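Colleague: Starting off with a structure, shown below.
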Amino acid sequence: MKIKPFPTCLAFSIIITICFAGDPEAERIYGGFYTEERIANLRNNCNKYEWARRQRDAVIENAKPWLAKSDEELWTMVPGQDLPRTIDVTFDRLNPGTEFTGCLICGEKISKYGNYPYNPDFENKPWKLTCPSCGAVFPTNDFGKYYLSAIDEHGLFNPDKGDRSLLFNADHPDPEDPLHKFGVDDGFGYIDKNGRAHRYIGYYTWQYWTYLNDGAGALADGFLYTGDKDYAHKAAILLDRIADVYPEMDWKPYADRGWYHSDGGSMLGKIGGSIWETGVAQQLADSYDKILSGTLDDPELYVFLKRQSEKYKLPGPKGSRKQLIENIDNGILRTSFEAVLSRQIRGNQGMHQLTVATCAMALNTEPQTTQWLDWLFAPDGGAIPGLMISRSDRDGTSDEGAPGYALIWGRLITDLARLLEDTTRYNRNNIFRDFPQFSTSYTVAYRMSALGIATPNIGDAGSTGLVATQANPELMARGYFYTRNPEIAVAAYRANGNSAEGLGRDIFSRDPEAQGNEIRRIGEKAGPRPEGGYLMSGFGLALLECGTGTSGIALASNYGRTKMHAHSDLLNFDLFAFGHWLAPDHGYPEMATNIPSRNEWTKSTLSHNLVYVNRQPQKAVWGGYTRLFKQIKGFGVFSIDGKKAYPETDEYSRTMFLIGGSNESRSDSNSYVVDIFRVIGGNDHVYSFHGPPGIITTSGLKPEIQKTGTYAGEQIPKGIWAKDFPVGYSHLYNVRRDQNPPGQFMVDWKAESGYRGLTEKDNIHLRMHAMTQVQDIALADGDPPQNKPGNPRKLGYLLMHRFATDLNSIFVSIFEPYRNKPFIKSVRRLDDGKGSEVAIQVEMTDGSTDYILYNEGSQKELDLANGISMNGEVGYIKEKNSIVIKGILVNGSALRYGNMNLRSAGTITGKILKMNKELAGGGWMLVDNRLPADGSLNGEQIIVETDTERDASYTIKSVERENGLTKVYCGPISFVSDFKGGTMEVRTFKVPKSYNLGYLYDFEEGARFRITSHKTWAKKVR
Ligand SMILES: [Zn+2]
Ligand SMILES: [Zn+2]
């Protein structure tokens, strides 16, 4: 039998080669994950429970078309290396010209059907793609006939053998017909009149492989659920044949032609790009694990395989179960492990580790299975401990900025840990035991969802204004099962619509409903999600909320990773109101590759709601630092330091408020946002903001139309790469300028009907009250990605520009989301605009007046002409009929106005005396200040001084006395931020070099801390 030699570059692979060459027991009965007991439980449960029976019925239905295929048909369905594949029909990495050439007939119109617009119908329209926009069908030739003419002695497609006389447009058989060759694809694409290739067969084959892999999976499930060996027989034929060809599969020759796949730019892969290949190999291994026990006592299977091996030149002899197992062990499992080492299989962190774990379990052969599992935890192997600590945070997200990507690690490592835990054969490493902080990853997707329903579209996530949650109740239920942390059960219950229905069912367990019942008890006791936002200092997200559900309003500002799949968007914000994102991020780019619309626009700083400094985008950073976070009912404020994104500045920070709503009985909560963006340093500041798509009206501005060009200039066309002008400027078009704007004006965005399901009668607006003196203002349009379903055509931007040497800017604005009628009558700055303090008066249409005071970082008393005075950082006053009815003071000693005299002890400060320095044991610290242990600080942030890369701000879970000292506990987190001893590069990833030299921490003992305090005052009503 032909076995590909293992690479000798790593000592580890040599050991493996020796081990499996000497493996005496090739004929095992079961795979490692689908054990005899687990399979028996599953089949019993299908007879016992209605939901399990329905699952079995669906499995049988799904496998039906595959079961109906003959052995011969299944065997010949598997193509080899020489049938080309790609995930994009026209995109060409070697041709940086036009990004999209679109459909041969309808052109760009196809782009609104997304990145993967074609859905081939393998059963009824083999080798054809139908354009979803115009219905045109390509290729025009009978590729199936040509394919058969090219089958060689190995039973595989060989382009050199194909009968090229079959390559013509079937509707135009006459060679004289000008359309005779139009739309003809020999596998390498039809070349159009502009020299651009249209690779219909390549795209078809990409999806065809998915179809085949799913087919094997459907058959494997058929056997698993029913025990009927016919399913295992058919699955074995597909898997054995795939094992014949898989070692030779290599994506690189196609990547070298400029074709596109999910290889992350590495040009490496097997059937497809290295990233998605992680899933391809997992699925194959999983199917194999499922069917192994179904391949006993099946002489017809081995007779058939033997016959095929006599008919064709195959990589090895066939005819026995032992040979089948050897072929699949080597051709799929060992080949996959080898491909992980050589980077042909390598995805985002967690992906290839799960591939190795799945293959190790399916292999179920010692000592190799244990060696592969050990490899996962080795510094130069899967590096799980290194990644767990250095590339993950206390919220359970990884080092990627976009939620979808940042959540991958937690999800996949949970799957991996479950493989090991549930089969109890491996305990040298145990993720649940060794990394308790990992438990935060189960709930993180739910926690980052505004109002529990909408995950902010941060970085390469979702699409423009998409309202969706990434929360996965089933993952949480699983997390609860392994940790028994009731907080996780509560989150699962809430995310599942305040129900435990269907949660935690483990069909492989003897008592599959036990977990769900436990979650129900805990969830019912806790009740629905309470009102109010919170801070996620690990991931970097400040959420302020008022109200609940779709009638609530949420303000989300991100200050986490701005590298990898992130955007250059530290301190960006979006506003969720009336069930919609009203200052929407552009979301996932047109293509995740180097194109101007992504690199210089949707991913870059200027397209976000940010200040653009010195005509340069932000630097990529781990994240910003919390200065202040306070959420009380009806009032929330945060302040975040983002200076690292613009290291040349002295200050780059944003303080935002969400005010109102809690006392209203109406369905709309009438809340507004105050935005104070401070930038000190630099000589050019552009405050960029966009509301929802739709009509913009202004008041106080006199914009004049710039007839041609873009924000970059009258002569600069739309969308070109930046050259002699700032990045992003050429993406702002339809420019209207006011060169002499007033210090205060208003801009109103009316969300257009059609935007994420809005209709004309919704009449939703976002109004901006700007209170900043700038030199010039522009209104302009900017386009979100145009190939994402539901994305608007364009977004309307406001650009406020200041320039001078050594600028000191405070951009002060109020954002008022409203339906039908505004509720703010007028706004006014009460400060003189010269110092760092800000005082704003907001008059409401209901006759009340709000005052917002901001004096962060200043010891000076703030005194206003109307008699208001404050000693502190943040103040809020509500007045009605000339009587103060409410006051809030944050981090201060006094707030006075008329009938109110509010006093407070001010910010709580102190020093960290001792902290937990281990991974286990939770985030506790002993402090020198005797903090109240009455629960009043639970939920507050303790903000520790640090000069490390990470924000050292933690949510307090409890405060206790311990040996005369105060112990602050911050949950099952760890202060460890990295391993000591530096990094090394393993398969192009930087990972810690050693796990034996100790840890680095978020902060050090002796550091000072502060805890935000607040005091509220309300007029007593008789
Ligand atoms: Zn078309
Ligand atoms: Zn963005």
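By order in the structure tokens, chains are A, B, ...; within a chain, residues start at 1; ligands start at 1, following the order shown.
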With the cut-off set at 12 Å and counting only C-alpha atoms and all ligand atoms, tabulate each residue of chain A with an atom at most that distance from an atom of ligand 1, showing the nearest atom pair and its distance in Å to one decimal, ordered by chain and increasing number, as JSON lines.
Modeller:
```
{"residue": "A:Thr101", "atom": "CA", "partner": "ligand 1", "partner_atom_place_in_ligand_line": "1 (Zn)", "distance": 11.1}
{"residue": "A:Gly102", "atom": "CA", "partner": "ligand 1", "partner_atom_place_in_ligand_line": "1 (Zn)", "distance": 7.7}
{"residue": "A:Cys103", "atom": "CA", "partner": "ligand 1", "partner_atom_place_in_ligand_line": "1 (Zn)", "distance": 4.6}
{"residue": "A:Leu104", "atom": "CA", "partner": "ligand 1", "partner_atom_place_in_ligand_line": "1 (Zn)", "distance": 6.4}
{"residue": "A:Ile105", "atom": "CA", "partner": "ligand 1", "partner_atom_place_in_ligand_line": "1 (Zn)", "distance": 4.9}
{"residue": "A:Cys106", "atom": "CA", "partner": "ligand 1", "partner_atom_place_in_ligand_line": "1 (Zn)", "distance": 4.1}
{"residue": "A:Gly107", "atom": "CA", "partner": "ligand 1", "partner_atom_place_in_ligand_line": "1 (Zn)", "distance": 6.3}
{"residue": "A:Glu108", "atom": "CA", "partner": "ligand 1", "partner_atom_place_in_ligand_line": "1 (Zn)", "distance": 8.2}
{"residue": "A:Lys109", "atom": "CA", "partner": "ligand 1", "partner_atom_place_in_ligand_line": "1 (Zn)", "distance": 6.9}
{"residue": "A:Ile110", "atom": "CA", "partner": "ligand 1", "partner_atom_place_in_ligand_line": "1 (Zn)", "distance": 5.8}
{"residue": "A:Ser111", "atom": "CA", "partner": "ligand 1", "partner_atom_place_in_ligand_line": "1 (Zn)", "distance": 9.5}
{"residue": "A:Lys112", "atom": "CA", "partner": "ligand 1", "partner_atom_place_in_ligand_line": "1 (Zn)", "distance": 11.2}
{"residue": "A:Tyr113", "atom": "CA", "partner": "ligand 1", "partner_atom_place_in_ligand_line": "1 (Zn)", "distance": 10.6}
{"residue": "A:Pro117", "atom": "CA", "partner": "ligand 1", "partner_atom_place_in_ligand_line": "1 (Zn)", "distance": 10.0}
{"residue": "A:Tyr118", "atom": "CA", "partner": "ligand 1", "partner_atom_place_in_ligand_line": "1 (Zn)", "distance": 10.1}
{"residue": "A:Leu129", "atom": "CA", "partner": "ligand 1", "partner_atom_place_in_ligand_line": "1 (Zn)", "distance": 10.3}
{"residue": "A:Thr130", "atom": "CA", "partner": "ligand 1", "partner_atom_place_in_ligand_line": "1 (Zn)", "distance": 7.9}
{"residue": "A:Cys131", "atom": "CA", "partner": "ligand 1", "partner_atom_place_in_ligand_line": "1 (Zn)", "distance": 4.6}
{"residue": "A:Pro132", "atom": "CA", "partner": "ligand 1", "partner_atom_place_in_ligand_line": "1 (Zn)", "distance": 6.7}
{"residue": "A:Ser133", "atom": "CA", "partner": "ligand 1", "partner_atom_place_in_ligand_line": "1 (Zn)", "distance": 5.0}
{"residue": "A:Cys134", "atom": "CA", "partner": "ligand 1", "partner_atom_place_in_ligand_line": "1 (Zn)", "distance": 4.1}
{"residue": "A:Gly135", "atom": "CA", "partner": "ligand 1", "partner_atom_place_in_ligand_line": "1 (Zn)", "distance": 6.0}
{"residue": "A:Ala136", "atom": "CA", "partner": "ligand 1", "partner_atom_place_in_ligand_line": "1 (Zn)", "distance": 5.6}
{"residue": "A:Val137", "atom": "CA", "partner": "ligand 1", "partner_atom_place_in_ligand_line": "1 (Zn)", "distance": 8.4}
{"residue": "A:Phe138", "atom": "CA", "partner": "ligand 1", "partner_atom_place_in_ligand_line": "1 (Zn)", "distance": 9.8}
```
Colleague: Residues contacting ligand 2 - anything with an atom at most 6 Å away, using only C-alpha atoms and all ligand atoms - can you give me those as a PyMOL selection string?
Modeller: chain A and resi 458-459+567+585-587+603
Colleague: Generate a file of the selected residues that holds all heavy atoms, formatted as a tab-separated table (two decimals), in the first residue's frame.
Modeller:
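Saved as part.tsv:
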```
chain	number	residue	atom	x	y	z
A	458	ILE	N	-19.56	44.60	14.81
A	458	ILE	CA	-18.22	45.17	15.00
A	458	ILE	C	-17.25	44.44	14.09
A	458	ILE	O	-17.22	43.21	14.07
A	458	ILE	CB	-17.76	45.03	16.47
A	458	ILE	CG1	-18.77	45.72	17.41
A	458	ILE	CG2	-16.37	45.61	16.66
A	458	ILE	CD1	-18.58	45.35	18.86
A	459	GLY	N	-16.44	45.18	13.35
A	459	GLY	CA	-15.45	44.55	12.49
A	459	GLY	C	-16.11	43.77	11.36
A	459	GLY	O	-17.22	44.10	10.92
A	567	HIS	N	-11.97	46.23	12.39
A	567	HIS	CA	-11.82	47.48	11.66
A	567	HIS	C	-10.98	48.43	12.52
A	567	HIS	O	-10.80	48.20	13.72
A	567	HIS	CB	-13.18	48.10	11.37
A	567	HIS	CG	-14.06	47.22	10.52
A	567	HIS	ND1	-15.39	47.48	10.29
A	567	HIS	CD2	-13.78	46.08	9.85
A	567	HIS	CE1	-15.89	46.53	9.52
A	567	HIS	NE2	-14.94	45.67	9.23
A	585	ASP	N	-22.67	50.08	11.51
A	585	ASP	CA	-21.37	49.73	10.94
A	585	ASP	C	-21.60	49.10	9.57
A	585	ASP	O	-22.66	48.56	9.29
A	585	ASP	CB	-20.65	48.73	11.85
A	585	ASP	CG	-19.20	48.55	11.42
A	585	ASP	OD1	-18.42	49.46	11.66
A	585	ASP	OD2	-18.87	47.49	10.84
A	586	HIS	N	-20.57	49.15	8.72
A	586	HIS	CA	-20.69	48.59	7.38
A	586	HIS	C	-20.71	47.07	7.39
A	586	HIS	O	-21.13	46.45	6.44
A	586	HIS	CB	-19.55	49.09	6.49
A	586	HIS	CG	-19.64	50.55	6.17
A	586	HIS	ND1	-19.90	51.01	4.92
A	586	HIS	CD2	-19.54	51.64	6.95
A	586	HIS	CE1	-19.94	52.34	4.93
A	586	HIS	NE2	-19.72	52.74	6.17
A	587	GLY	N	-20.18	46.47	8.45
A	587	GLY	CA	-20.21	45.02	8.58
A	587	GLY	C	-19.18	44.32	7.71
A	587	GLY	O	-18.12	44.88	7.40
A	603	LYS	N	-13.35	49.10	6.28
A	603	LYS	CA	-12.52	48.60	7.38
A	603	LYS	C	-11.77	49.75	8.08
A	603	LYS	O	-11.29	49.59	9.19
A	603	LYS	CB	-11.51	47.62	6.77
A	603	LYS	CG	-10.53	46.96	7.69
A	603	LYS	CD	-9.56	46.16	6.82
A	603	LYS	CE	-8.39	45.55	7.51
A	603	LYS	NZ	-8.43	45.23	8.87
```
Colleague: With only C-alpha atoms as the atoms that count, which of A:Asp57, A:Glu856, A:Glu72, A:Glu861 lies nearest to Lys311 (chain A)?
Modeller: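 The answer is A:Glu72, which sits nearest to Lys311 (chain A).
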Colleague: Considering only C-alpha atoms, return as a list in words whatever protein or nucleic-acid residues lie within 6 Å of Gly910 (chain A), sequence-local ones (same chain, fewer than 6 positions apart) excluded.
Modeller: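 Skipping anything fewer than 6 positions along the chain leaves Asn929, Arg1008 and Phe1009 of chain A.
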Colleague: Do a neighbour search on Gln323 (chain A) at 10 Å with only C-alpha atoms, toss out local chain neighbours closer than 5 positions, and write the hits as a list in words.
Modeller: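 Selected residues are Met1, Ala26, Glu27, Asp240, Tyr302, Leu305, Gly316, Pro317, Lys318, Ile328 and Asp329 of chain A.
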Colleague: Write to file, as a PDB file, in the first residue's frame, the residues of the selection just made, with C-alpha atoms.
Modeller:
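Dumped everything to out20.pdb:
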```pdb
ATOM      1  CA  MET A   1       0.000   0.000   0.000  1.00  0.00           C
ATOM      2  CA  ALA A  26      -5.563  -2.547  12.920  1.00  0.00           C
ATOM      3  CA  GLU A  27      -8.998  -4.044  13.290  1.00  0.00           C
ATOM      4  CA  ASP A 240     -12.818   4.633   1.106  1.00  0.00           C
ATOM      5  CA  TYR A 302     -15.301  -6.001   0.346  1.00  0.00           C
ATOM      6  CA  LEU A 305     -14.037  -2.759  -3.321  1.00  0.00           C
ATOM      7  CA  GLY A 316      -3.503   0.080  -2.432  1.00  0.00           C
ATOM      8  CA  PRO A 317      -5.073  -3.385  -2.314  1.00  0.00           C
ATOM      9  CA  LYS A 318      -8.711  -3.786  -1.285  1.00  0.00           C
ATOM     10  CA  ILE A 328      -9.151   5.430   5.673  1.00  0.00           C
ATOM     11  CA  ASP A 329      -6.818   5.723   8.678  1.00  0.00           C
TER      12      ASP A 329
END
```
Colleague: Could you check which of A:Gly898, A:Pro584, A:Pro589, A:Gly396 is closest to His690 (chain A), using only C-alpha atoms?
Modeller: A:Pro584
Colleague: Choose the residue, out of A:Ala712, A:Met361, A:Ile431, A:Leu74, that has the smallest atom-to-atom separation from Thr483 (chain A); count only C-alpha atoms.
Modeller: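 Among A:Ala712, A:Met361, A:Ile431, A:Leu74, it is A:Ile431 that comes nearest to Thr483 (chain A).
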